[in-house]
>>> print(open('model.txt').read())   # compact mmCIF, C-alpha atoms
# COMPACT_ATOMS: atom_id res chain seq x y z
CA MET C 1 -11.89 -60.43 52.39
CA ILE C 2 -12.80 -61.66 48.94
CA GLU C 3 -10.09 -62.46 46.41
CA MET C 4 -11.68 -63.07 43.03
CA LYS C 5 -8.74 -65.04 41.78
CA SER C 6 -9.15 -67.64 44.50
CA ARG C 7 -12.93 -67.51 44.70
CA PRO C 8 -14.23 -68.75 41.32
CA PHE C 9 -17.83 -68.47 42.46
CA TRP C 10 -17.48 -64.69 42.93
CA SER C 11 -18.63 -63.88 39.43
CA ARG C 12 -21.70 -66.13 39.79
CA VAL C 13 -22.71 -64.34 43.00
CA LEU C 14 -22.10 -61.00 41.32
CA VAL C 15 -24.16 -61.74 38.25
CA ILE C 16 -27.07 -63.04 40.32
CA SER C 17 -26.98 -60.02 42.65
CA PHE C 18 -26.56 -57.41 39.92
CA LEU C 19 -28.51 -58.71 37.00
CA LEU C 20 -31.64 -59.75 38.87
CA SER C 21 -32.07 -56.22 40.21
CA ALA C 22 -30.92 -54.74 36.91
CA THR C 23 -33.59 -56.67 35.04
CA GLU C 24 -36.24 -55.28 37.36
CA SER C 25 -34.99 -51.68 37.17
CA GLY C 26 -34.11 -51.63 33.49
CA THR C 27 -30.42 -51.06 34.17
CA PHE C 28 -27.77 -52.26 31.68
CA THR C 29 -30.14 -52.14 28.75
CA GLY C 30 -27.45 -50.69 26.56
CA SER C 31 -29.15 -47.31 26.46
CA TRP C 32 -26.65 -45.54 28.70
CA THR C 33 -23.65 -43.87 27.11
CA SER C 34 -20.44 -42.51 28.57
CA HIS C 35 -20.18 -38.79 29.20
CA ALA C 36 -16.39 -38.87 28.90
CA ALA C 37 -16.10 -36.87 25.69
CA VAL C 38 -16.59 -33.40 27.14
CA THR C 39 -14.46 -30.28 27.38
CA ASP C 40 -12.62 -28.79 30.34
CA GLN C 41 -15.36 -26.19 30.69
CA SER C 42 -18.21 -28.71 30.77
CA LEU C 43 -16.56 -30.61 33.60
CA THR C 44 -17.19 -27.64 35.87
CA GLN C 45 -20.88 -27.84 35.00
CA ALA C 46 -23.66 -30.34 35.61
CA PRO C 47 -24.08 -33.03 32.92
CA SER C 48 -26.92 -32.34 30.52
CA LYS C 49 -29.55 -34.76 29.30
CA ALA C 50 -28.33 -37.50 31.65
CA PRO C 51 -30.77 -40.03 33.15
CA ILE C 52 -32.12 -38.58 36.38
CA ASN C 53 -31.39 -41.78 38.28
CA LEU C 54 -27.96 -42.47 36.77
CA ASN C 55 -25.99 -41.60 39.91
CA ALA C 56 -28.46 -43.52 42.09
CA GLU C 57 -28.06 -46.61 39.88
CA ARG C 58 -24.27 -46.30 39.95
CA LYS C 59 -24.29 -45.93 43.73
CA GLU C 60 -26.45 -49.05 44.05
CA LEU C 61 -23.98 -50.95 41.89
CA PHE C 62 -21.06 -49.85 44.06
CA GLU C 63 -22.94 -50.69 47.27
CA LYS C 64 -23.65 -54.24 46.09
CA THR C 65 -20.02 -54.69 45.07
CA SER C 66 -19.02 -53.38 48.49
CA LEU C 67 -21.07 -56.09 50.22
CA LEU C 68 -19.25 -58.78 48.25
CA SER C 69 -15.74 -57.38 48.31
CA GLY C 70 -15.50 -55.51 51.60
CA ILE C 71 -14.38 -52.36 49.78
CA PRO C 72 -16.27 -49.24 50.93
CA TRP C 73 -18.62 -48.13 48.16
CA THR C 74 -17.10 -44.66 48.34
CA TYR C 75 -13.71 -46.06 47.27
CA LEU C 76 -15.26 -47.96 44.36
CA ALA C 77 -17.07 -44.80 43.30
CA ALA C 78 -13.88 -42.77 43.72
CA VAL C 79 -11.82 -45.11 41.54
CA ASP C 80 -14.47 -45.08 38.83
CA GLN C 81 -14.68 -41.28 39.01
CA TYR C 82 -10.90 -40.91 38.91
CA GLU C 83 -10.80 -43.11 35.83
CA ARG C 84 -13.55 -40.96 34.32
CA THR C 85 -11.43 -37.84 34.79
CA MET C 86 -8.37 -39.58 33.32
CA ASN C 87 -10.38 -40.68 30.28
CA ILE C 88 -11.12 -37.03 29.62
CA ALA C 89 -7.68 -35.60 30.48
CA LYS C 90 -5.85 -38.25 28.43
CA LYS C 91 -8.47 -38.30 25.65
CA ARG C 92 -8.98 -42.04 25.85
CA PRO C 93 -11.48 -43.67 23.50
CA GLU C 94 -15.09 -43.15 24.53
CA ARG C 95 -16.90 -46.32 25.57
CA GLN C 96 -20.50 -47.29 26.05
CA GLY C 97 -21.54 -48.18 29.56
CA VAL C 98 -21.96 -47.00 33.13
CA ILE C 99 -18.50 -47.80 34.46
CA SER C 100 -15.61 -45.59 33.34
CA ILE C 101 -12.75 -47.83 34.47
CA TYR C 102 -10.17 -48.23 31.71
CA PHE C 103 -7.63 -51.03 31.22
CA PRO C 104 -5.23 -50.96 28.25
CA GLU C 105 -5.72 -54.06 26.10
CA SER C 106 -2.23 -55.40 26.87
CA GLU C 107 -2.78 -55.09 30.63
CA TRP C 108 -6.23 -56.68 30.38
CA VAL C 109 -4.99 -59.87 28.69
CA GLY C 110 -1.42 -59.87 30.06
CA LEU C 111 1.70 -58.26 28.61
CA LEU C 112 3.17 -61.60 27.47
CA ASN C 113 -0.10 -63.04 26.19
CA PRO C 114 0.37 -63.90 22.48
CA ASN C 115 -3.36 -63.34 21.95
CA GLN C 116 -3.97 -59.65 22.59
CA GLN C 117 -7.70 -60.15 21.93
CA ASP C 118 -7.97 -62.92 24.51
CA THR C 119 -11.26 -63.12 26.44
CA ASP C 120 -10.69 -66.44 28.22
CA PRO C 121 -10.41 -65.74 31.98
CA LYS C 122 -8.18 -68.78 32.50
CA SER C 123 -5.55 -67.89 29.92
CA ILE C 124 -5.70 -64.22 30.92
CA SER C 125 -5.03 -65.26 34.52
CA PHE C 126 -2.15 -67.49 33.35
CA PHE C 127 -0.48 -64.48 31.73
CA HIS C 128 -1.21 -62.31 34.80
CA GLY C 129 -3.68 -60.06 33.01
CA PHE C 130 -6.21 -58.01 34.93
CA GLY C 131 -9.20 -59.29 32.96
CA ARG C 132 -11.99 -60.98 34.95
CA ASP C 133 -15.42 -62.41 34.24
CA GLY C 134 -17.81 -60.43 36.40
CA SER C 135 -20.99 -61.17 34.43
CA GLY C 136 -20.82 -64.97 34.65
CA ASP C 137 -20.83 -65.57 30.88
CA GLY C 138 -17.35 -67.16 30.83
CA ILE C 139 -15.89 -64.19 28.96
CA ALA C 140 -13.56 -61.49 30.27
CA ASP C 141 -14.68 -58.55 28.16
CA ARG C 142 -12.99 -55.17 28.76
CA ASN C 143 -16.07 -53.48 27.29
CA ASN C 144 -18.40 -55.07 29.85
CA ASP C 145 -19.26 -52.98 32.93
CA LEU C 146 -19.39 -55.94 35.31
CA ASP C 147 -16.16 -57.44 34.01
CA LEU C 148 -14.39 -54.10 34.42
CA LEU C 149 -15.69 -53.70 37.95
CA ALA C 150 -14.72 -57.28 38.83
CA ALA C 151 -11.18 -56.70 37.53
CA MET C 152 -10.73 -53.49 39.52
CA THR C 153 -12.20 -55.07 42.65
CA SER C 154 -9.79 -57.99 42.31
CA LEU C 155 -6.69 -55.84 42.20
CA MET C 156 -7.97 -53.54 44.96
CA THR C 157 -8.43 -56.47 47.39
CA LYS C 158 -5.19 -58.26 46.56
CA ASN C 159 -3.62 -57.54 49.96
CA GLY C 160 -6.73 -56.75 51.97
CA SER C 161 -9.65 -54.33 51.81
CA ASP C 162 -8.94 -52.05 54.79
CA LYS C 163 -8.07 -48.44 54.00
CA GLU C 164 -4.31 -48.86 54.31
CA ASN C 165 -4.20 -51.91 52.08
CA LEU C 166 -6.58 -50.34 49.57
CA GLN C 167 -4.15 -47.46 49.19
CA ILE C 168 -1.20 -49.84 48.90
CA ASN C 169 -3.01 -51.91 46.26
CA LEU C 170 -3.95 -48.78 44.31
CA TRP C 171 -0.38 -47.53 44.43
CA ASN C 172 0.84 -50.90 43.17
CA TYR C 173 -1.52 -50.52 40.22
CA TYR C 174 -1.08 -46.84 39.38
CA GLN C 175 2.54 -46.52 40.58
CA ASN C 176 1.66 -42.93 41.38
CA SER C 177 0.98 -41.42 44.81
CA ARG C 178 -0.88 -38.56 43.13
CA SER C 179 -3.49 -41.00 41.83
CA VAL C 180 -3.96 -42.55 45.27
CA GLU C 181 -4.34 -39.09 46.81
CA ARG C 182 -7.03 -38.11 44.31
CA ILE C 183 -8.99 -41.33 44.84
CA THR C 184 -8.79 -40.89 48.62
CA GLN C 185 -10.02 -37.30 48.27
CA PHE C 186 -12.95 -38.33 46.07
CA SER C 187 -13.86 -41.08 48.53
CA SER C 188 -13.90 -38.55 51.39
CA ILE C 189 -16.21 -36.26 49.42
CA TYR C 190 -18.64 -39.09 48.60
CA ALA C 191 -18.57 -40.30 52.21
CA ALA C 192 -19.44 -36.83 53.50
CA LEU C 193 -22.22 -36.29 50.95
CA GLY C 194 -23.62 -39.84 51.01
CA THR C 195 -24.40 -39.50 47.31
CA LEU C 196 -22.73 -39.25 43.91
CA ASP C 197 -24.64 -36.07 43.13
CA ALA C 198 -21.91 -33.44 43.40
CA SER C 199 -22.37 -31.40 40.23
CA GLU C 200 -23.90 -28.23 41.74
CA HIS C 201 -21.85 -25.03 41.56
CA ALA C 202 -22.03 -21.47 42.89
CA PHE C 203 -20.54 -18.10 41.96
CA PRO C 204 -17.53 -17.33 44.22
CA LEU C 205 -19.02 -14.00 45.36
CA PRO C 206 -22.58 -13.25 46.49
CA VAL C 207 -24.37 -11.96 43.39
CA SER C 208 -25.96 -9.31 45.61
CA ALA C 209 -22.53 -7.79 46.27
CA ASP C 210 -20.94 -4.92 44.35
CA TYR C 211 -18.30 -6.49 42.11
CA SER C 212 -16.95 -6.46 38.57
CA TYR C 213 -14.87 -8.79 36.43
CA ARG C 214 -13.83 -9.53 32.89
CA SER C 215 -11.78 -12.20 31.17
CA THR C 216 -8.18 -11.74 32.33
CA TRP C 217 -6.85 -15.26 31.73
CA GLY C 218 -3.57 -15.18 29.83
CA ASP C 219 -2.83 -11.50 30.54
CA SER C 220 0.77 -10.60 31.30
CA ARG C 221 1.95 -10.28 34.91
CA GLY C 222 5.28 -8.79 36.04
CA TRP C 223 5.74 -9.27 39.80
CA GLY C 224 8.18 -12.11 40.47
CA GLY C 225 9.19 -12.29 36.81
CA HIS C 226 7.23 -12.28 33.57
CA ARG C 227 4.36 -14.77 33.71
CA SER C 228 0.90 -15.38 32.34
CA HIS C 229 -2.23 -14.70 34.40
CA GLU C 230 -3.83 -18.06 35.21
CA GLY C 231 -7.28 -16.98 36.27
CA THR C 232 -9.95 -14.28 36.43
CA ASP C 233 -9.82 -11.27 38.76
CA LEU C 234 -13.11 -10.34 40.44
CA PHE C 235 -12.87 -6.84 41.95
CA ALA C 236 -14.91 -6.16 45.08
CA ARG C 237 -14.65 -4.32 48.40
CA TYR C 238 -12.62 -5.62 51.32
CA GLY C 239 -14.53 -8.15 53.35
CA VAL C 240 -16.96 -9.37 50.69
CA PRO C 241 -17.50 -13.11 51.37
CA VAL C 242 -15.65 -15.56 49.13
CA ARG C 243 -17.62 -18.76 48.62
CA SER C 244 -16.83 -22.30 47.53
CA THR C 245 -17.84 -22.79 43.92
CA CYS C 246 -18.24 -26.55 44.26
CA TYR C 247 -18.59 -29.64 46.40
CA GLY C 248 -15.01 -30.49 47.19
CA ILE C 249 -12.20 -31.01 49.64
CA VAL C 250 -9.88 -28.31 50.95
CA GLU C 251 -6.51 -29.35 49.55
CA VAL C 252 -4.37 -26.32 50.39
CA LYS C 253 -4.76 -23.41 52.78
CA GLY C 254 -2.22 -20.78 53.81
CA TRP C 255 0.21 -18.22 52.45
CA ASN C 256 1.67 -18.05 48.95
CA PRO C 257 4.08 -15.21 47.96
CA TYR C 258 2.10 -14.60 44.76
CA GLY C 259 -1.46 -15.33 45.93
CA GLY C 260 -1.16 -14.17 49.52
CA TRP C 261 -3.71 -15.84 51.78
CA ARG C 262 -5.10 -18.47 49.46
CA ILE C 263 -7.14 -21.64 49.53
CA GLY C 264 -7.40 -24.50 47.02
CA ILE C 265 -10.36 -26.87 46.72
CA ARG C 266 -10.46 -30.11 44.68
CA ASP C 267 -13.78 -31.29 43.25
CA VAL C 268 -14.74 -34.81 42.09
CA ASN C 269 -14.10 -33.84 38.47
CA ASN C 270 -10.43 -33.48 39.44
CA ILE C 271 -10.66 -29.73 38.95
CA TYR C 272 -8.66 -27.58 41.37
CA HIS C 273 -10.46 -24.36 42.34
CA TYR C 274 -7.96 -21.69 43.43
CA TYR C 275 -8.89 -18.58 45.47
CA ALA C 276 -6.17 -15.97 46.14
CA HIS C 277 -5.50 -12.54 47.73
CA LEU C 278 -7.92 -13.19 50.60
CA SER C 279 -8.00 -10.95 53.68
CA GLY C 280 -8.62 -14.01 55.85
CA PHE C 281 -10.22 -17.44 56.14
CA GLN C 282 -13.55 -18.51 57.55
CA LYS C 283 -13.03 -19.54 61.17
CA GLY C 284 -12.48 -23.27 61.62
CA ILE C 285 -11.94 -24.15 57.98
CA LYS C 286 -8.92 -26.42 57.52
CA GLU C 287 -7.27 -28.74 55.03
CA ASN C 288 -9.23 -31.93 54.25
CA ASP C 289 -12.55 -30.30 55.19
CA ILE C 290 -15.43 -31.04 52.82
CA VAL C 291 -17.17 -27.90 51.55
CA LYS C 292 -20.30 -27.27 49.52
CA PRO C 293 -21.27 -24.68 46.89
CA GLY C 294 -21.98 -21.27 48.37
CA GLN C 295 -20.22 -21.98 51.67
CA THR C 296 -18.13 -19.03 52.89
CA ILE C 297 -14.41 -19.90 52.93
CA GLY C 298 -12.87 -16.43 53.31
CA TRP C 299 -13.13 -12.75 52.37
CA VAL C 300 -11.91 -10.51 49.56
CA GLY C 301 -8.60 -8.80 50.26
CA SER C 302 -5.36 -7.61 48.68
CA SER C 303 -2.81 -9.95 50.24
CA GLY C 304 0.25 -11.23 48.40
CA TYR C 305 3.31 -10.15 46.43
CA GLY C 306 5.64 -10.55 49.38
CA LYS C 307 6.33 -12.23 52.69
CA PRO C 308 3.46 -13.49 54.91
CA GLY C 309 1.14 -10.65 55.85
CA THR C 310 1.99 -8.41 52.87
CA SER C 311 -1.12 -6.56 51.73
CA GLY C 312 -2.24 -3.46 49.82
CA LYS C 313 0.04 -3.68 46.78
CA PHE C 314 -3.02 -3.71 44.49
CA PRO C 315 -6.76 -3.04 44.73
CA PRO C 316 -8.82 -5.63 46.65
CA HIS C 317 -10.03 -8.47 44.48
CA LEU C 318 -10.43 -12.22 44.31
CA HIS C 319 -8.17 -14.11 41.94
CA PHE C 320 -10.01 -17.26 40.88
CA GLY C 321 -8.42 -20.05 38.86
CA LEU C 322 -9.29 -23.52 37.58
CA TYR C 323 -6.75 -26.29 36.97
CA ARG C 324 -7.03 -29.70 35.33
CA ASP C 325 -5.07 -32.74 36.55
CA ASN C 326 -3.94 -35.50 34.16
CA GLY C 327 -2.46 -37.72 36.87
CA LEU C 328 1.07 -36.36 36.54
CA THR C 329 0.76 -32.60 36.30
CA GLU C 330 -1.76 -29.76 36.31
CA TRP C 331 -2.48 -26.91 33.93
CA SER C 332 -4.80 -23.93 34.05
CA PHE C 333 -7.75 -23.21 31.78
CA ASP C 334 -9.89 -20.12 31.43
CA PRO C 335 -12.45 -19.95 34.28
CA TYR C 336 -14.36 -17.01 32.78
CA PRO C 337 -17.04 -19.05 30.92
CA SER C 338 -17.74 -21.08 34.06
CA LEU C 339 -17.97 -17.94 36.18
CA ARG C 340 -20.49 -16.41 33.81
CA LYS C 341 -22.60 -19.58 33.90
CA TRP C 342 -22.52 -19.86 37.70
CA GLU C 343 -23.36 -16.18 38.03
CA ARG C 344 -26.44 -16.59 35.81
CA GLU C 345 -27.54 -19.65 37.76
CA ASP C 346 -27.21 -17.85 41.11
CA ARG C 347 -29.13 -14.83 39.81
CA ASN C 348 -31.90 -17.11 38.54
CA LYS C 349 -32.13 -18.78 41.95
CA ARG C 350 -32.62 -15.39 43.60
CA LYS C 351 -35.58 -14.69 41.29
CA LYS C 352 -37.43 -17.85 42.33
>>> encode(input="model.txt", output="structure tokens")
Amino acid sequence: MIEMKSRPFWSRVLVISFLLSATESGTFTGSWTSHAAVTDQSLTQAPSKAPINLNAERKELFEKTSLLSGIPWTYLAAVDQYERTMNIAKKRPERQGVISIYFPESEWVGLLNPNQQDTDPKSISFFHGFGRDGSGDGIADRNNDLDLLAAMTSLMTKNGSDKENLQINLWNYYQNSRSVERITQFSSIYAALGTLDASEHAFPLPVSADYSYRSTWGDSRGWGGHRSHEGTDLFARYGVPVRSTCYGIVEVKGWNPYGGWRIGIRDVNNIYHYYAHLSGFQKGIKENDIVKPGQTIGWVGSSGYGKPGTSGKFPPHLHFGLYRDNGLTEWSFDPYPSLRKWEREDRNKRKK
């Protein structure tokens, strides 16, 4: 186990390991910019105009940090990705760089530090700030990728780097079990994929099937009390396959009085994909399974609006919803633009 606070040579090892390879590969040239300033809709889509090797470079960075810290690279990637989603959900200031980890200035230098612009690692440590020097230049700069990564690695290994202690350390930092759950989910997805490339999507129904849909988000609903429709209804025949729209983890599966047989999948952009009114689930699929775009998860039905097993109170269709998480709560946003985009992409694939 490596504790940066008690191992002053850590930053020297880090800078030698990272910067030598970075110099050879052209990494950290200052040409990379954050993709944090995007909309809810764009998070359900692949980034545009991004360096082809960006995810590979990030993965290499996490793997090298893993060798030094003992933290699985998937957890480092998951924390960085979670912070990326929080930067967007909370509209934090956009920063230049590869790493998306965010520390408030007061937490970086220490809450009681009289110098809130402090960059001296020694005085920051004295005031119990999170700031660390990960680049070996003697400065703890919260705008420096390596310093940010060193600070996060330090707090994550405070009580050990095994899975249980990682989760305890993360809870101590975030003070929120929801945050720890999301990071653990992201880590599981990355571990299953073996890559950070998880931006591909698919239309929830086979585009060869007979179906129809329009924008129904926000429409009024009456069963169970007046409420707003939080999704898009895709009408199709009973038994048409329902497919995962993303790489993600099965978070919820089972009966809901409103949605009937339903399943919920969380992707690495912290978007919850909700599928309702199913006639049944794909055999063997269970909570915490990792799924991929286009994978069958169930079939179109008309279940819901009552006790378990209730069906036929409305025409068969798939209710599909998207929800954003800000770390404390979730809210829906219109999935229709994403559905249209994924449909076009799937149709184009069939033409090739």
>>> closest_residue(input="model.txt", among="C:Gln96, C:Thr85, C:Ser199, C:Thr153", to="Leu67 in chain C", atoms="all atoms listed in the file")
C:Thr153
>>> closest_residue(input="model.txt", among="C:Asp162, C:Glu105, C:Asp210, C:Glu57", to="Ala140 in chain C", atoms="only C-alpha atoms")
C:Glu105
>>> closest_residue(input="model.txt", among="C:Tyr238, C:Phe127, C:Tyr213, C:Tyr82", to="Leu170 in chain C", atoms="all atoms listed in the file")
C:Tyr82
>>> atom_distance(input="model.txt", atom1="CA of Tyr275 in chain C", atom2="CA of Ser177 in chain C")
24.9 Å
>>> residues_near_point(input="model.txt", point="(-17.8, -38.7, 51.5)", cutoff="12 Å", atoms="only C-alpha atoms", output="MDAnalysis selection string")
chainID C and resid 72:78 183:198 247:249 267:268 288:292
>>> closest_residue(input="model.txt", among="C:Arg182, C:Lys352, C:Lys59, C:Lys307", to="Tyr272 in chain C", atoms="only C-alpha atoms")
C:Arg182
>>> atom_distance(input="model.txt", atom1="CA of Ser279 in chain C", atom2="CA of Leu205 in chain C")
14.1 Å
>>> atom_distance(input="model.txt", atom1="CA of Val250 in chain C", atom2="CA of Tyr274 in chain C")
10.2 Å
>>> build_atoms(input="model.txt", residues="range 93-125 of chain C", atoms="N, CA and C atoms", output="tab-separated table (two decimals), keeping the file's coordinate frame")
chain	number	residue	atom	x	y	z
C	93	PRO	N	-10.30	-43.39	24.33
C	93	PRO	CA	-11.48	-43.67	23.50
C	93	PRO	C	-12.75	-43.72	24.35
C	94	GLU	N	-13.81	-43.12	23.84
C	94	GLU	CA	-15.09	-43.15	24.53
C	94	GLU	C	-15.67	-44.55	24.46
C	95	ARG	N	-16.28	-45.01	25.54
C	95	ARG	CA	-16.90	-46.32	25.57
C	95	ARG	C	-18.34	-46.23	26.03
C	96	GLN	N	-19.14	-47.19	25.58
C	96	GLN	CA	-20.50	-47.29	26.05
C	96	GLN	C	-20.51	-47.93	27.43
C	97	GLY	N	-21.42	-47.52	28.28
C	97	GLY	CA	-21.54	-48.18	29.56
C	97	GLY	C	-21.62	-47.21	30.72
C	98	VAL	N	-21.80	-47.77	31.90
C	98	VAL	CA	-21.96	-47.00	33.13
C	98	VAL	C	-20.62	-46.80	33.83
C	99	ILE	N	-19.79	-47.84	33.80
C	99	ILE	CA	-18.50	-47.80	34.46
C	99	ILE	C	-17.46	-47.16	33.55
C	100	SER	N	-16.61	-46.31	34.13
C	100	SER	CA	-15.61	-45.59	33.34
C	100	SER	C	-14.20	-46.14	33.52
C	101	ILE	N	-14.06	-47.23	34.24
C	101	ILE	CA	-12.75	-47.83	34.47
C	101	ILE	C	-12.14	-48.26	33.14
C	102	TYR	N	-10.86	-47.95	32.97
C	102	TYR	CA	-10.17	-48.23	31.71
C	102	TYR	C	-8.94	-49.10	31.96
C	103	PHE	N	-8.83	-50.20	31.22
C	103	PHE	CA	-7.63	-51.03	31.22
C	103	PHE	C	-7.09	-51.07	29.79
C	104	PRO	N	-5.81	-50.76	29.57
C	104	PRO	CA	-5.23	-50.96	28.25
C	104	PRO	C	-5.36	-52.43	27.85
C	105	GLU	N	-5.51	-52.69	26.58
C	105	GLU	CA	-5.72	-54.06	26.10
C	105	GLU	C	-4.62	-55.00	26.56
C	106	SER	N	-3.36	-54.53	26.50
C	106	SER	CA	-2.23	-55.40	26.87
C	106	SER	C	-2.26	-55.74	28.35
C	107	GLU	N	-2.71	-54.81	29.19
C	107	GLU	CA	-2.78	-55.09	30.63
C	107	GLU	C	-3.99	-55.98	30.94
C	108	TRP	N	-5.04	-55.87	30.17
C	108	TRP	CA	-6.23	-56.68	30.38
C	108	TRP	C	-5.94	-58.16	30.14
C	109	VAL	N	-5.24	-58.46	29.05
C	109	VAL	CA	-4.99	-59.87	28.69
C	109	VAL	C	-3.65	-60.38	29.21
C	110	GLY	N	-2.75	-59.47	29.62
C	110	GLY	CA	-1.42	-59.87	30.06
C	110	GLY	C	-0.37	-59.44	29.05
C	111	LEU	N	0.69	-58.82	29.52
C	111	LEU	CA	1.70	-58.26	28.61
C	111	LEU	C	2.34	-59.33	27.72
C	112	LEU	N	2.51	-60.55	28.24
C	112	LEU	CA	3.17	-61.60	27.47
C	112	LEU	C	2.19	-62.53	26.78
C	113	ASN	N	0.92	-62.20	26.84
C	113	ASN	CA	-0.10	-63.04	26.19
C	113	ASN	C	0.02	-62.90	24.68
C	114	PRO	N	0.24	-64.00	23.95
C	114	PRO	CA	0.37	-63.90	22.48
C	114	PRO	C	-0.93	-63.51	21.80
C	115	ASN	N	-2.06	-63.70	22.50
C	115	ASN	CA	-3.36	-63.34	21.95
C	115	ASN	C	-3.85	-62.07	22.63
C	116	GLN	N	-3.62	-60.92	21.99
C	116	GLN	CA	-3.97	-59.65	22.59
C	116	GLN	C	-5.47	-59.35	22.52
C	117	GLN	N	-6.24	-60.25	21.93
C	117	GLN	CA	-7.70	-60.15	21.93
C	117	GLN	C	-8.32	-61.23	22.80
C	118	ASP	N	-7.53	-61.82	23.67
C	118	ASP	CA	-7.97	-62.92	24.51
C	118	ASP	C	-9.13	-62.51	25.41
C	119	THR	N	-10.13	-63.37	25.52
C	119	THR	CA	-11.26	-63.12	26.44
C	119	THR	C	-11.49	-64.30	27.38
C	120	ASP	N	-10.58	-65.27	27.35
C	120	ASP	CA	-10.69	-66.44	28.22
C	120	ASP	C	-10.10	-66.11	29.59
C	121	PRO	N	-10.92	-66.10	30.64
C	121	PRO	CA	-10.41	-65.74	31.98
C	121	PRO	C	-9.25	-66.60	32.45
C	122	LYS	N	-9.24	-67.88	32.05
C	122	LYS	CA	-8.18	-68.78	32.50
C	122	LYS	C	-6.84	-68.41	31.87
C	123	SER	N	-6.81	-68.23	30.56
C	123	SER	CA	-5.55	-67.89	29.92
C	123	SER	C	-5.10	-66.48	30.29
C	124	ILE	N	-6.05	-65.57	30.48
C	124	ILE	CA	-5.70	-64.22	30.92
C	124	ILE	C	-5.04	-64.28	32.30
C	125	SER	N	-5.61	-65.10	33.19
C	125	SER	CA	-5.03	-65.26	34.52
C	125	SER	C	-3.64	-65.88	34.44
